[in-house]
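Colleague: This is the structure, below, for whatever I ask next.
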Amino acid sequence: MKVPIIQCQKLSHVYSGKVALNGLNFELEAGEPIGLVGPNGAGKTTLLSILSGFLRPTSGAVRLFGHPPGAARLIGKVTALPQDARLDPNFSITEQLIFYARLQGFNKQQAVVETGRVLEAVALQIIGAEKPIALSHGMAKRVAIAQALIGKPALVLLDEPTAGLDPISVRMVRNIIAEQAAAMTFIISSHDLTELDRLCHKILLLENGVLQSEQLLGDAQYEDIRFITLQMETCPAMEVITKFQTLAGVTEVSNPQKNEFIVAYKPDLQPDMDLQLMQCVNANHWQYRQLSHGKTLEEKLFFRD
Amino acid sequence: MSSGFFYRLLLISQFELKRAFLTRKGLLSMGTFAVVWYFILLYPLRFAADVLVEGKGLIQEFSFFDFIGFNSLGQWPIPEFGVFWHFALLIFPLLSISLAADQTCSDRERGTLRFMVLRSSRDSLFFGRFLGAMLIQALLIGSTALTVLALVLYRDASLFSSASENLLAITVSVALAILPFTAMMAALSAVVKSVRQATVWAILIWTFLAGIISVLAYYLPVLAALKCLVPGYQLSDLAQLSEWRTLKLAYIPLLQSVILLAAGRWIMARQAL
């Protein structure tokens, strides 16, 4: 039986009369990255701040590896990328990372080696001698991720790791997380559902401080009804829906956004639905952009039945 | 791998020393202090000491020093240290309010403290920063005292042994005197958002708290005892003492520091970072 890495019971937090978290109850186990999503003000940063020990909950109980957040036993085991936190502008990146490694218990030599390792992991070995002010936003974010990787912690809490980054930096951050995910559990708070869809195995949806759902991703092969999301070039929507509905096995076709269609079907009646759809598109001389199995994370989370 | 409260406390205080003496910003502050101190040493301090040395027999009647509150100068066997003692009791508490104001507030506002509390307890952080601020000030006090020693030896090298003892007594006593000021700044820094706020609050507390307590004590005399909680409460009495007798009042800053540090620790433990 797996021991939960995080346990929250009736966790609540109130900021000057405004409820940020309202009686959260959940347990998370180690493994694949876990996503934390929700609209602005849903309580994501508050939850991560409590888990990181930056904030004391108003009520309820939290345990990480069986200890309260901020406990001495969690040093080196739990790290975080706090949202908008910046390094000290007076010291170089290397000096600060060595200092953090030493606080985690590394001796001077080990700390130097570990600093080199984490900077290499985020492909920033060459900027070690620079001060934080010399870094771009993307580089500063990657350095902040590097500090979270010091000492190979068991749990890493990332608050908006890709916020404000350009597409190349986003891909770089995604690759860093994917590469490290085998050795540690990531909890990633983000508004970027495409990123979370690619990285995470489980999603927690927070709304108004309440945990709305816990969704497991990637287990569609066991469902009675499956979905295909098809993004088309400009096309006659009503005609597309009508034609798709006539295909064997299709139970429902919806058009949630312009040129996007979600086809629900029974895999036992038509296991090769993707081929059927492609043939239908080809026969009608339509053009498509992308076909993907399953619903988008946005559909799963925010547009459930 | 090493760990533990004291290990982290020492690492954090060492890092503060590095900030003060090995960063550009720290070196600029130290350079400024050195220049200011050079002029204090060269003019008011040397001038006052020269007056005392030349007119030693007149010291009891020299009402100017009485007038400015330096009436214990004659009790110091080496006049330079007597003058330094009075200057130090004026300058270092003021300097402490400025030097120790940024123990945690800037780092908290920037979010840098979050990186640190992931790796150390809030207690290690709070006391480590306090220890760092105290060590920096103790080094400044010690080095200014050494410049006074150099001045004394330049005048009369045979005074080395008694001057060294004076130097030690002053360094220890001034460091003790600034202890509650540094503790007050540690507590204020844990609450406020900027160095400026910490400094303004410190000046308000220092300037008005004693006055407010006096007014309240007029109606309820028992409250007069609260005055002993104000940092610097003992400074005017302390200025009248000389050499190791200055430690007679050491219990006051120690007690004040314990209370202020306990309050600061309580705030730090509950503060959102």
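Within each chain, counting starts at residue 1; across the structure tokens, chains are named A, B, ... in the order shown, with ligands numbered 1 upward in that order.
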Within 12 Å of stretch 164-172 of chain B, counting only C-alpha atoms, which residues show up once you throw out same-chain ones fewer than 2 positions away? Write them as a PyMOL selection string, please.

Modeller: chain B and resi 75-89+92+134-135+137-150+152-153+157-162+174-179+238-239+241-248+250

Colleague: Find the residues of chain B that sit at most 8 Å from chain A; for each, write down the nearest two atoms and how far apart they are in Å, to one decimal. Count only C-alpha atoms. Sort by chain, then by number going up, and give it as CSV.

Modeller:
```
residue,atom,partner,partner_atom,distance
B:Met1,CA,A:Gly105,CA,4.8
B:Ser2,CA,A:Gly105,CA,4.6
B:Ser3,CA,A:Gly105,CA,5.0
B:Arg8,CA,A:Leu103,CA,5.9
B:Leu11,CA,A:Leu103,CA,7.2
B:Phe15,CA,A:Phe99,CA,7.9
B:Arg19,CA,A:Asn90,CA,7.5
B:Thr23,CA,A:Asn90,CA,6.5
B:Arg24,CA,A:Asn90,CA,7.6
B:Lys25,CA,A:Asn90,CA,7.3
B:Asp107,CA,A:Asp88,CA,7.3
B:Arg110,CA,A:Arg86,CA,5.7
B:Gly111,CA,A:Ala85,CA,4.1
B:Thr112,CA,A:Leu87,CA,5.4
B:Arg114,CA,A:Phe54,CA,6.7
B:Phe115,CA,A:Tyr100,CA,7.8
B:Met116,CA,A:Tyr100,CA,7.0
B:Val117,CA,A:Gly70,CA,7.3
B:Leu118,CA,A:Thr79,CA,6.0
B:Arg119,CA,A:Ile75,CA,5.2
B:Ser120,CA,A:Leu103,CA,6.5
B:Ser121,CA,A:Ala72,CA,6.6
B:Arg270,CA,A:Arg56,CA,7.2
B:Gln271,CA,A:Leu55,CA,7.5
B:Ala272,CA,A:Leu55,CA,4.9
B:Leu273,CA,A:Phe54,CA,5.0
```

Colleague: Report as a ChimeraX atom specification: the residues of stretch 5-250 of chain B with a DSSP assignment of alpha helix (DSSP H), based on the backbone of this structure.

Modeller: /B:5-22,24-40,46-54,63-67,79-99,105-110,112-117,122-155,160-191,195-219,235-238

Colleague: Please compute the atom CA of A:Val14-atom CA of A:Leu206 distance, one decimal, in Å.

Modeller: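 So the answer is 15.4 Å.
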
Colleague: Let's see if you can do this: from backbone DSSP, list all strand (DSSP E) residues in stretch 169-221 of chain A, as an MDAnalysis selection string.

Modeller: chainID A and resid 185:189 202:207 210:216

Colleague: Could you please take those selected residues and save N, CA and C atoms as a tab-separated table (two decimals), in the first residue's frame?

Modeller:
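Contents of the output file result-v2.tsv:
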```
chain	number	residue	atom	x	y	z
A	185	THR	N	8.17	13.58	-7.39
A	185	THR	CA	6.78	13.88	-7.70
A	185	THR	C	6.62	15.39	-7.81
A	186	PHE	N	6.04	15.84	-8.92
A	186	PHE	CA	5.80	17.26	-9.11
A	186	PHE	C	4.32	17.56	-8.89
A	187	ILE	N	4.05	18.66	-8.23
A	187	ILE	CA	2.68	19.19	-8.21
A	187	ILE	C	2.76	20.54	-8.89
A	188	ILE	N	2.02	20.68	-9.97
A	188	ILE	CA	2.18	21.86	-10.83
A	188	ILE	C	0.88	22.65	-10.87
A	189	SER	N	0.96	23.89	-10.41
A	189	SER	CA	-0.21	24.76	-10.53
A	189	SER	C	-0.04	25.56	-11.81
A	202	LYS	N	-2.66	13.23	-13.05
A	202	LYS	CA	-3.85	13.50	-12.24
A	202	LYS	C	-4.04	15.00	-12.14
A	203	ILE	N	-5.29	15.44	-12.14
A	203	ILE	CA	-5.57	16.87	-12.07
A	203	ILE	C	-6.51	17.15	-10.90
A	204	LEU	N	-6.15	18.17	-10.12
A	204	LEU	CA	-7.07	18.64	-9.07
A	204	LEU	C	-7.66	19.96	-9.54
A	205	LEU	N	-8.97	20.07	-9.49
A	205	LEU	CA	-9.62	21.31	-9.92
A	205	LEU	C	-10.14	22.05	-8.69
A	206	LEU	N	-9.62	23.26	-8.50
A	206	LEU	CA	-10.07	24.11	-7.39
A	206	LEU	C	-10.94	25.23	-7.93
A	207	GLU	N	-12.06	25.46	-7.29
A	207	GLU	CA	-12.89	26.61	-7.66
A	207	GLU	C	-13.44	27.23	-6.39
A	210	VAL	N	-12.77	25.53	-3.16
A	210	VAL	CA	-13.35	24.20	-2.94
A	210	VAL	C	-12.78	23.25	-3.99
A	211	LEU	N	-12.43	22.04	-3.57
A	211	LEU	CA	-11.92	21.05	-4.50
A	211	LEU	C	-13.10	20.47	-5.28
A	212	GLN	N	-13.18	20.81	-6.57
A	212	GLN	CA	-14.32	20.39	-7.38
A	212	GLN	C	-14.18	18.96	-7.87
A	213	SER	N	-12.98	18.59	-8.30
A	213	SER	CA	-12.83	17.22	-8.78
A	213	SER	C	-11.38	16.79	-8.76
A	214	GLU	N	-11.19	15.49	-8.71
A	214	GLU	CA	-9.87	14.90	-8.90
A	214	GLU	C	-10.01	14.03	-10.12
A	215	GLN	N	-9.28	14.31	-11.16
A	215	GLN	CA	-9.46	13.61	-12.42
A	215	GLN	C	-8.20	12.85	-12.78
A	216	LEU	N	-8.37	11.58	-13.07
A	216	LEU	CA	-7.23	10.80	-13.55
A	216	LEU	C	-7.19	10.87	-15.06
```
